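Engineer: structure_4.txt is reproduced below (compact mmCIF, N, CA and C atoms and all ligand atoms).
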# COMPACT_ATOMS: atom_id res chain seq x y z
N MET A 20 0.02 2.70 -13.83
CA MET A 20 -0.45 2.88 -12.46
C MET A 20 0.28 4.05 -11.82
N SER A 21 -0.46 4.93 -11.19
CA SER A 21 0.16 6.06 -10.50
C SER A 21 0.63 5.62 -9.13
N THR A 22 1.89 5.89 -8.87
CA THR A 22 2.42 5.48 -7.57
C THR A 22 2.60 6.67 -6.64
N ARG A 23 2.25 7.86 -7.13
CA ARG A 23 2.52 9.06 -6.36
C ARG A 23 1.84 9.04 -4.99
N ALA A 24 0.64 8.45 -4.94
CA ALA A 24 -0.12 8.50 -3.70
C ALA A 24 0.22 7.36 -2.75
N LEU A 25 1.11 6.48 -3.17
CA LEU A 25 1.42 5.34 -2.31
C LEU A 25 2.23 5.79 -1.10
N TYR A 26 1.95 5.17 0.01
CA TYR A 26 2.68 5.49 1.23
C TYR A 26 4.18 5.34 1.00
N GLY A 27 4.93 6.36 1.35
CA GLY A 27 6.38 6.26 1.26
C GLY A 27 6.93 6.52 -0.12
N ASN A 28 6.05 6.76 -1.13
CA ASN A 28 6.55 6.98 -2.48
C ASN A 28 7.61 8.08 -2.49
N TYR A 29 8.67 7.88 -3.26
CA TYR A 29 9.81 8.78 -3.18
C TYR A 29 9.51 10.21 -3.59
N LYS A 30 8.46 10.40 -4.43
CA LYS A 30 8.19 11.75 -4.93
C LYS A 30 7.69 12.67 -3.82
N VAL A 31 6.82 12.16 -2.98
CA VAL A 31 6.23 13.03 -1.95
C VAL A 31 6.29 12.44 -0.54
N ARG A 32 6.67 11.20 -0.43
CA ARG A 32 6.81 10.53 0.86
C ARG A 32 5.58 10.68 1.75
N PRO A 33 4.41 10.29 1.25
CA PRO A 33 3.25 10.33 2.15
C PRO A 33 3.52 9.41 3.35
N PRO A 34 3.14 9.85 4.55
CA PRO A 34 3.41 9.03 5.73
C PRO A 34 2.63 7.72 5.70
N PHE A 35 3.21 6.72 6.29
CA PHE A 35 2.51 5.45 6.44
C PHE A 35 1.52 5.58 7.59
N PRO A 36 0.30 5.06 7.42
CA PRO A 36 -0.64 5.08 8.55
C PRO A 36 -0.06 4.26 9.70
N PRO A 37 -0.21 4.75 10.91
CA PRO A 37 0.28 3.97 12.05
C PRO A 37 -0.49 2.67 12.18
N LEU A 38 0.21 1.60 12.42
CA LEU A 38 -0.45 0.32 12.63
C LEU A 38 -0.83 0.19 14.10
N PRO A 39 -1.92 -0.51 14.35
CA PRO A 39 -2.35 -0.65 15.74
C PRO A 39 -1.33 -1.45 16.55
N ALA A 40 -1.19 -1.07 17.80
CA ALA A 40 -0.34 -1.87 18.69
C ALA A 40 -1.06 -3.18 18.96
N THR A 41 -0.43 -4.28 18.64
CA THR A 41 -1.16 -5.54 18.65
C THR A 41 -0.70 -6.52 19.71
N ALA A 42 0.43 -6.26 20.32
CA ALA A 42 1.03 -7.30 21.16
C ALA A 42 0.06 -7.84 22.20
N GLY A 43 -0.35 -9.06 21.97
CA GLY A 43 -1.16 -9.76 22.97
C GLY A 43 -2.58 -9.26 23.12
N GLY A 44 -3.01 -8.32 22.25
CA GLY A 44 -4.29 -7.69 22.49
C GLY A 44 -5.50 -8.32 21.84
N LEU A 45 -5.29 -9.34 21.02
CA LEU A 45 -6.40 -9.89 20.25
C LEU A 45 -6.65 -11.35 20.57
N GLN A 46 -7.92 -11.71 20.50
CA GLN A 46 -8.28 -13.13 20.56
C GLN A 46 -8.40 -13.66 19.13
N ASP A 47 -8.34 -14.97 18.98
CA ASP A 47 -8.49 -15.55 17.65
C ASP A 47 -9.78 -15.10 16.97
N SER A 48 -10.86 -15.03 17.74
CA SER A 48 -12.15 -14.67 17.16
C SER A 48 -12.13 -13.23 16.63
N ASP A 49 -11.29 -12.38 17.25
CA ASP A 49 -11.20 -10.99 16.79
C ASP A 49 -10.68 -10.92 15.36
N LEU A 50 -9.83 -11.85 14.97
CA LEU A 50 -9.20 -11.80 13.65
C LEU A 50 -10.19 -12.03 12.53
N GLU A 51 -11.36 -12.53 12.85
CA GLU A 51 -12.37 -12.80 11.83
C GLU A 51 -13.29 -11.61 11.60
N ASN A 52 -13.19 -10.61 12.42
CA ASN A 52 -14.14 -9.49 12.35
C ASN A 52 -13.41 -8.18 12.64
N LEU A 53 -12.56 -7.78 11.67
CA LEU A 53 -11.73 -6.60 11.87
C LEU A 53 -12.28 -5.41 11.09
N ASP A 54 -11.90 -4.23 11.51
CA ASP A 54 -12.24 -3.02 10.78
C ASP A 54 -11.18 -2.82 9.69
N PRO A 55 -11.58 -2.96 8.42
CA PRO A 55 -10.57 -2.85 7.35
C PRO A 55 -9.85 -1.51 7.34
N GLY A 56 -10.51 -0.47 7.84
CA GLY A 56 -9.88 0.85 7.88
C GLY A 56 -8.73 0.90 8.87
N VAL A 57 -8.74 0.01 9.83
CA VAL A 57 -7.69 -0.03 10.84
C VAL A 57 -6.67 -1.11 10.52
N TRP A 58 -7.15 -2.27 10.11
CA TRP A 58 -6.28 -3.44 9.97
C TRP A 58 -5.90 -3.75 8.53
N GLY A 59 -6.54 -3.08 7.57
CA GLY A 59 -6.20 -3.32 6.17
C GLY A 59 -6.92 -4.52 5.58
N ALA A 60 -7.69 -5.22 6.38
CA ALA A 60 -8.45 -6.37 5.91
C ALA A 60 -9.56 -6.64 6.91
N ALA A 61 -10.63 -7.29 6.44
CA ALA A 61 -11.74 -7.60 7.34
C ALA A 61 -11.46 -8.83 8.19
N ALA A 62 -10.51 -9.63 7.73
CA ALA A 62 -10.13 -10.82 8.50
C ALA A 62 -8.67 -11.14 8.21
N ILE A 63 -7.98 -11.61 9.20
CA ILE A 63 -6.58 -12.03 9.03
C ILE A 63 -6.48 -13.46 9.53
N ARG A 64 -6.06 -14.35 8.64
CA ARG A 64 -6.04 -15.77 9.04
C ARG A 64 -4.66 -16.39 8.96
N THR A 65 -3.87 -15.97 7.98
CA THR A 65 -2.57 -16.62 7.82
C THR A 65 -1.45 -15.59 7.78
N CYS A 66 -0.27 -16.05 8.12
CA CYS A 66 0.93 -15.22 8.15
C CYS A 66 1.37 -14.92 6.71
N SER A 67 1.71 -13.64 6.44
CA SER A 67 2.15 -13.25 5.10
C SER A 67 3.49 -13.89 4.75
N VAL A 68 4.23 -14.32 5.75
CA VAL A 68 5.58 -14.82 5.51
C VAL A 68 5.60 -16.34 5.41
N CYS A 69 5.09 -17.02 6.44
CA CYS A 69 5.21 -18.48 6.46
C CYS A 69 3.90 -19.18 6.12
N ASP A 70 2.82 -18.41 5.95
CA ASP A 70 1.54 -18.97 5.52
C ASP A 70 0.88 -19.86 6.58
N GLN A 71 1.36 -19.83 7.79
CA GLN A 71 0.73 -20.60 8.86
C GLN A 71 -0.42 -19.80 9.46
N HIS A 72 -1.32 -20.50 10.10
CA HIS A 72 -2.43 -19.85 10.79
C HIS A 72 -1.89 -18.91 11.88
N ILE A 73 -2.46 -17.71 11.94
CA ILE A 73 -2.02 -16.75 12.95
C ILE A 73 -2.97 -16.80 14.14
N GLN A 74 -2.41 -16.89 15.33
CA GLN A 74 -3.22 -16.75 16.53
C GLN A 74 -3.27 -15.27 16.89
N GLY A 75 -4.43 -14.86 17.40
CA GLY A 75 -4.64 -13.44 17.68
C GLY A 75 -3.56 -12.83 18.55
N VAL A 76 -3.15 -13.54 19.57
CA VAL A 76 -2.16 -12.98 20.49
C VAL A 76 -0.79 -12.82 19.84
N ASN A 77 -0.57 -13.50 18.72
CA ASN A 77 0.75 -13.46 18.09
C ASN A 77 0.84 -12.52 16.89
N LEU A 78 -0.30 -11.92 16.51
CA LEU A 78 -0.29 -11.09 15.30
C LEU A 78 0.62 -9.87 15.46
N ARG A 79 1.45 -9.68 14.45
CA ARG A 79 2.28 -8.47 14.35
C ARG A 79 2.07 -7.90 12.96
N GLN A 80 1.83 -6.60 12.87
CA GLN A 80 1.69 -5.97 11.55
C GLN A 80 2.83 -5.00 11.32
N VAL A 81 3.41 -5.04 10.13
CA VAL A 81 4.45 -4.08 9.76
C VAL A 81 4.28 -3.67 8.30
N TRP A 82 4.80 -2.48 7.98
CA TRP A 82 4.91 -2.02 6.60
C TRP A 82 6.29 -2.35 6.08
N ILE A 83 6.34 -2.68 4.79
CA ILE A 83 7.64 -2.85 4.15
C ILE A 83 7.49 -2.41 2.69
N SER A 84 8.48 -1.67 2.18
CA SER A 84 8.44 -1.19 0.79
C SER A 84 9.33 -2.09 -0.05
N LEU A 85 8.71 -2.76 -1.03
CA LEU A 85 9.46 -3.72 -1.85
C LEU A 85 9.18 -3.50 -3.33
N TRP A 86 10.18 -3.83 -4.17
CA TRP A 86 9.94 -3.91 -5.60
C TRP A 86 8.97 -5.05 -5.85
N THR A 87 7.99 -4.76 -6.69
CA THR A 87 7.08 -5.82 -7.09
C THR A 87 7.53 -6.37 -8.44
N SER A 88 6.74 -7.23 -9.03
CA SER A 88 7.13 -7.80 -10.31
C SER A 88 7.13 -6.74 -11.41
N GLY A 89 6.41 -5.64 -11.19
CA GLY A 89 6.43 -4.55 -12.15
C GLY A 89 7.59 -3.61 -11.87
N ALA A 90 7.43 -2.34 -12.25
CA ALA A 90 8.52 -1.38 -12.11
C ALA A 90 8.32 -0.48 -10.90
N ASP A 91 7.45 -0.86 -10.01
CA ASP A 91 7.12 0.01 -8.89
C ASP A 91 7.54 -0.59 -7.55
N VAL A 92 7.87 0.33 -6.63
CA VAL A 92 8.02 -0.07 -5.24
C VAL A 92 6.67 0.13 -4.57
N LEU A 93 6.15 -0.91 -3.96
CA LEU A 93 4.85 -0.80 -3.32
C LEU A 93 4.98 -1.00 -1.82
N PRO A 94 4.17 -0.22 -1.06
CA PRO A 94 4.13 -0.45 0.38
C PRO A 94 3.27 -1.67 0.66
N LEU A 95 3.83 -2.64 1.30
CA LEU A 95 3.08 -3.87 1.58
C LEU A 95 2.81 -3.97 3.07
N LEU A 96 1.58 -4.31 3.39
CA LEU A 96 1.20 -4.52 4.78
C LEU A 96 1.40 -6.01 5.09
N VAL A 97 2.27 -6.28 6.04
CA VAL A 97 2.60 -7.67 6.38
C VAL A 97 1.89 -8.06 7.67
N ASN A 98 1.20 -9.18 7.63
CA ASN A 98 0.64 -9.77 8.84
C ASN A 98 1.53 -10.95 9.22
N ALA A 99 2.27 -10.80 10.30
CA ALA A 99 3.22 -11.85 10.67
C ALA A 99 2.79 -12.54 11.96
N CYS A 100 3.19 -13.81 12.07
CA CYS A 100 2.79 -14.60 13.23
C CYS A 100 3.85 -14.60 14.32
N SER A 101 5.04 -14.07 14.02
CA SER A 101 6.11 -14.12 15.02
C SER A 101 7.19 -13.11 14.66
N ALA A 102 8.04 -12.80 15.63
CA ALA A 102 9.18 -11.92 15.37
C ALA A 102 10.12 -12.58 14.37
N ALA A 103 10.20 -13.91 14.41
CA ALA A 103 11.08 -14.62 13.47
C ALA A 103 10.63 -14.40 12.03
N CYS A 104 9.31 -14.36 11.81
CA CYS A 104 8.82 -14.14 10.45
C CYS A 104 9.12 -12.71 10.00
N ILE A 105 9.05 -11.75 10.90
CA ILE A 105 9.42 -10.37 10.53
C ILE A 105 10.90 -10.32 10.19
N ASP A 106 11.71 -11.04 10.96
CA ASP A 106 13.14 -11.09 10.67
C ASP A 106 13.43 -11.70 9.32
N ALA A 107 12.52 -12.56 8.86
CA ALA A 107 12.74 -13.27 7.59
C ALA A 107 12.33 -12.44 6.37
N LEU A 108 11.75 -11.27 6.59
CA LEU A 108 11.35 -10.44 5.45
C LEU A 108 12.58 -9.98 4.67
N PRO A 109 12.41 -9.76 3.36
CA PRO A 109 13.55 -9.29 2.57
C PRO A 109 13.94 -7.86 2.95
N VAL A 110 15.15 -7.47 2.56
CA VAL A 110 15.60 -6.10 2.78
C VAL A 110 14.75 -5.16 1.93
N PRO A 111 14.22 -4.09 2.49
CA PRO A 111 13.37 -3.17 1.71
C PRO A 111 14.14 -2.53 0.56
N ALA A 112 13.40 -1.98 -0.39
CA ALA A 112 13.99 -1.35 -1.57
C ALA A 112 14.92 -0.21 -1.17
N ASP A 113 15.98 -0.02 -1.96
CA ASP A 113 16.88 1.11 -1.75
C ASP A 113 16.12 2.42 -1.79
N GLY A 114 16.47 3.34 -0.91
CA GLY A 114 15.83 4.65 -0.92
C GLY A 114 14.54 4.68 -0.12
N TYR A 115 14.21 3.60 0.53
CA TYR A 115 13.02 3.55 1.39
C TYR A 115 13.47 3.17 2.80
N VAL A 116 12.52 3.29 3.74
CA VAL A 116 12.85 2.91 5.10
C VAL A 116 13.45 1.50 5.08
N GLN A 117 14.60 1.35 5.68
CA GLN A 117 15.38 0.12 5.47
C GLN A 117 15.05 -1.03 6.43
N THR A 118 14.01 -0.87 7.19
CA THR A 118 13.56 -1.97 8.04
C THR A 118 12.04 -2.02 7.99
N PRO A 119 11.45 -3.17 8.27
CA PRO A 119 10.00 -3.20 8.46
C PRO A 119 9.64 -2.27 9.62
N HIS A 120 8.51 -1.57 9.51
CA HIS A 120 8.16 -0.58 10.55
C HIS A 120 6.66 -0.54 10.74
N THR A 121 6.24 0.17 11.78
CA THR A 121 4.82 0.18 12.12
C THR A 121 4.14 1.50 11.77
N GLY A 122 4.77 2.32 10.93
CA GLY A 122 4.12 3.53 10.44
C GLY A 122 4.00 4.61 11.48
N GLY A 123 3.17 5.62 11.14
CA GLY A 123 2.98 6.73 12.05
C GLY A 123 4.05 7.80 11.88
N PRO A 124 3.87 8.92 12.58
CA PRO A 124 4.74 10.09 12.39
C PRO A 124 6.17 9.88 12.87
N SER A 125 6.42 8.87 13.67
CA SER A 125 7.78 8.70 14.21
C SER A 125 8.71 7.99 13.22
N VAL A 126 8.15 7.47 12.13
CA VAL A 126 9.00 6.79 11.14
C VAL A 126 9.70 7.85 10.30
N SER A 127 11.02 7.83 10.29
CA SER A 127 11.72 8.83 9.49
C SER A 127 12.07 8.23 8.14
N GLN A 128 11.52 8.86 7.10
CA GLN A 128 11.75 8.40 5.73
C GLN A 128 12.87 9.21 5.10
N PRO A 129 13.49 8.65 4.07
CA PRO A 129 14.48 9.45 3.32
C PRO A 129 13.80 10.68 2.73
N PRO A 130 14.58 11.72 2.40
CA PRO A 130 13.97 12.95 1.86
C PRO A 130 13.18 12.67 0.57
N ALA A 131 12.13 13.46 0.34
CA ALA A 131 11.31 13.30 -0.85
C ALA A 131 12.02 13.87 -2.07
N GLY A 132 11.62 13.40 -3.25
CA GLY A 132 11.99 14.06 -4.49
C GLY A 132 13.11 13.40 -5.27
N ARG A 133 13.91 12.56 -4.63
CA ARG A 133 14.98 11.90 -5.39
C ARG A 133 14.61 10.47 -5.66
N GLN A 134 14.69 10.10 -6.91
CA GLN A 134 14.35 8.73 -7.24
C GLN A 134 15.47 7.80 -6.82
N PRO A 135 15.14 6.81 -5.99
CA PRO A 135 16.18 5.87 -5.58
C PRO A 135 16.68 5.07 -6.78
N ARG A 136 17.93 4.72 -6.75
CA ARG A 136 18.46 3.90 -7.82
C ARG A 136 18.05 2.46 -7.58
N ARG A 137 17.69 1.81 -8.64
CA ARG A 137 17.26 0.43 -8.50
C ARG A 137 18.47 -0.49 -8.44
N ARG A 138 18.45 -1.34 -7.44
CA ARG A 138 19.50 -2.34 -7.33
C ARG A 138 18.98 -3.61 -8.00
N ARG A 139 19.64 -4.00 -9.06
CA ARG A 139 19.14 -5.16 -9.81
C ARG A 139 19.71 -6.44 -9.24
N ALA A 140 18.86 -7.39 -9.09
CA ALA A 140 19.31 -8.69 -8.60
C ALA A 140 19.97 -9.45 -9.73
N ALA A 141 20.85 -10.34 -9.39
CA ALA A 141 21.56 -11.13 -10.40
C ALA A 141 20.58 -11.88 -11.30
N SER A 142 19.51 -12.37 -10.72
CA SER A 142 18.54 -13.15 -11.50
C SER A 142 17.87 -12.27 -12.56
N GLU A 143 17.66 -10.98 -12.21
CA GLU A 143 17.04 -10.08 -13.18
C GLU A 143 18.01 -9.77 -14.33
N GLU A 144 19.30 -9.64 -14.00
CA GLU A 144 20.28 -9.41 -15.07
C GLU A 144 20.23 -10.56 -16.06
N ALA A 145 20.13 -11.76 -15.55
CA ALA A 145 20.09 -12.93 -16.43
C ALA A 145 18.85 -12.89 -17.31
N LEU A 146 17.72 -12.54 -16.73
CA LEU A 146 16.50 -12.47 -17.51
C LEU A 146 16.61 -11.41 -18.60
N GLY A 147 17.18 -10.24 -18.23
CA GLY A 147 17.27 -9.14 -19.17
C GLY A 147 18.12 -9.47 -20.38
N SER A 148 19.13 -10.28 -20.19
CA SER A 148 20.05 -10.57 -21.28
C SER A 148 19.44 -11.52 -22.31
N GLU A 149 18.33 -12.12 -21.96
CA GLU A 149 17.71 -13.05 -22.90
C GLU A 149 16.80 -12.35 -23.89
N LYS A 150 16.53 -11.06 -23.68
CA LYS A 150 15.61 -10.36 -24.55
C LYS A 150 16.21 -10.16 -25.95
ZN ZN B 201 4.79 -16.67 10.16
In structure tokens, how does this file's structure come out?
Ligand SMILES: [Zn+2]

Structural biologist:
Amino acid sequence: MSTRALYGNYKVRPPFPPLPATAGGLQDSDLENLDPGVWGAAAIRTCSVCDQHIQGVNLRQVWISLWTSGADVLPLLVNACSAACIDALPVPADGYVQTPHTGGPSVSQPPAGRQPRRRRAASEEALGSEK
């Protein structure tokens, strides 16, 4: 899989699309009929963090760059139901924006071109030694 075009990828650091300002602006019914080009999905029903039903007025969207199960850091669009759920997100991958953010030109990313060093979790070390 080519990761070069992914938002925030270390090689070229494409900017993250700005997320819509959502605070208090949506009704529950709005969440069932969204423009995927703006919201990333045609409908948003549950919180990406706690899996609870999201009420329109409580929706918060943020980007976060995380290691996936493969060898890539992927930009993930998080639909959260509360500030507490955003606080509960894991620390982003080394070499990427170190907090969840809402995209757009004001987000300052690390310089392009240097591959971040991977920080291995203890659990991964254990898995690796079994090979
Ligand atoms: Zn939640």

Engineer: Return the single residue from A:Leu108, A:Ser127, A:Ala24, A:Thr118 that is closest to ligand ZN 201 (chain B), with distances computed using only C-alpha atoms and all ligand atoms.

Structural biologist: A:Leu108

Engineer: Have a look at atom N of Arg32 in chain A and CA of Arg79 in chain A and let me know their distance in Å, one decimal.

Structural biologist: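 We find that atom N of Arg32 in chain A and CA of Arg79 in chain A lie 25.0 Å from each other.
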
Engineer: List every residue of chain A that has an atom at most 6 Å from any atom of ligand ZN 201 (chain B), giving for each one its closest atom pair and the distance in Å to one decimal, counting all atoms listed in the file, sorted by chain and then by ascending residue number, as JSON lines.

Structural biologist:
{"residue": "A:Cys66", "atom": "CA", "partner": "B:ZN201", "partner_atom": "ZN", "distance": 4.6}
{"residue": "A:Ser67", "atom": "N", "partner": "B:ZN201", "partner_atom": "ZN", "distance": 5.7}
{"residue": "A:Val68", "atom": "C", "partner": "B:ZN201", "partner_atom": "ZN", "distance": 4.8}
{"residue": "A:Cys69", "atom": "N", "partner": "B:ZN201", "partner_atom": "ZN", "distance": 3.7}
{"residue": "A:Asp70", "atom": "N", "partner": "B:ZN201", "partner_atom": "ZN", "distance": 5.0}
{"residue": "A:Gln71", "atom": "N", "partner": "B:ZN201", "partner_atom": "ZN", "distance": 5.2}
{"residue": "A:Ala99", "atom": "C", "partner": "B:ZN201", "partner_atom": "ZN", "distance": 4.9}
{"residue": "A:Cys100", "atom": "N", "partner": "B:ZN201", "partner_atom": "ZN", "distance": 3.8}
{"residue": "A:Ser101", "atom": "N", "partner": "B:ZN201", "partner_atom": "ZN", "distance": 4.7}
{"residue": "A:Cys104", "atom": "CA", "partner": "B:ZN201", "partner_atom": "ZN", "distance": 4.8}

Engineer: Using only N, CA and C atoms for the distances, tell me which of A:Ile105, A:Asn52, A:Val126, A:Ala112 is nearest to Trp86 in chain A.

Structural biologist: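 Going through A:Ile105, A:Asn52, A:Val126, A:Ala112 one by one, the smallest distance to Trp86 in chain A is for A:Ala112.
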
Engineer: With only N, CA and C atoms as the counted atoms, please give the residues lying no more than 6.5 Å from Asp47 in chain A, apart from itself and same-chain residues fewer than 3 positions off, as JSON, numbers by chain.

Structural biologist: {"A": [50, 51, 74, 75, 76]}

Engineer: Suppose you want the space between atom C of Thr121 in chain A and atom N of Arg136 in chain A; what is it in Å?

Structural biologist: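 For atom C of Thr121 in chain A relative to atom N of Arg136 in chain A, the distance reads 23.3 Å.
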
Engineer: When you draw a straight line from CA of Tyr26 in chain A to atom C of Gly56 in chain A, how long is it in Å?

Structural biologist: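 CA of Tyr26 in chain A sits 14.5 Å away from atom C of Gly56 in chain A.
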
Engineer: Using all atoms listed in the file, which protein or nucleic acid residues come within 8 Å of Trp58 in chain A? Drop anything in the same chain fewer than 5 positions from it, and give the result as number ranges by chain.

Structural biologist: A: 38-39, 53

Engineer: Ser84 in chain A: which residues within 8 Å, counting only C-alpha atoms, same-chain residues fewer than 6 positions away excluded, as a list in words?

Structural biologist: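 Contacts, in chain order: Gly27, Val92, Leu93, Pro94, Leu95, Pro111, Ala112, Tyr115 and Val116 of chain A.
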
Engineer: Write out as a PyMOL selection string all residues of range 20-136 of chain A that backbone DSSP assigns to alpha helix (DSSP H).

Structural biologist: chain A and resi 55-58+102-106

Engineer: Nearest to Pro34 in chain A among A:Pro130, A:Pro135, A:Gly114, A:Gly122, with distances taken over all atoms listed in the file: which residue is it?

Structural biologist: A:Gly122

Engineer: Skip Val31 in chain A itself and residues of its chain fewer than 3 positions away, then list as a ChimeraX atom specification all residues within 6 Å of it, counting all atoms listed in the file.

Structural biologist: /A:27-28,131-132

Engineer: Between A:Leu45, A:Ala107, A:Ala62, A:Val97, single out the one closest to Asn77 in chain A, counting only C-alpha atoms.

Structural biologist: A:Leu45

Engineer: With only C-alpha atoms as the atoms that count, which of A:Leu25, A:Val57, A:Ile83, A:Ile73 lies nearest to Asp106 in chain A?

Structural biologist: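 Using only C-alpha atoms, the shortest distance to Asp106 in chain A belongs to A:Ile83.
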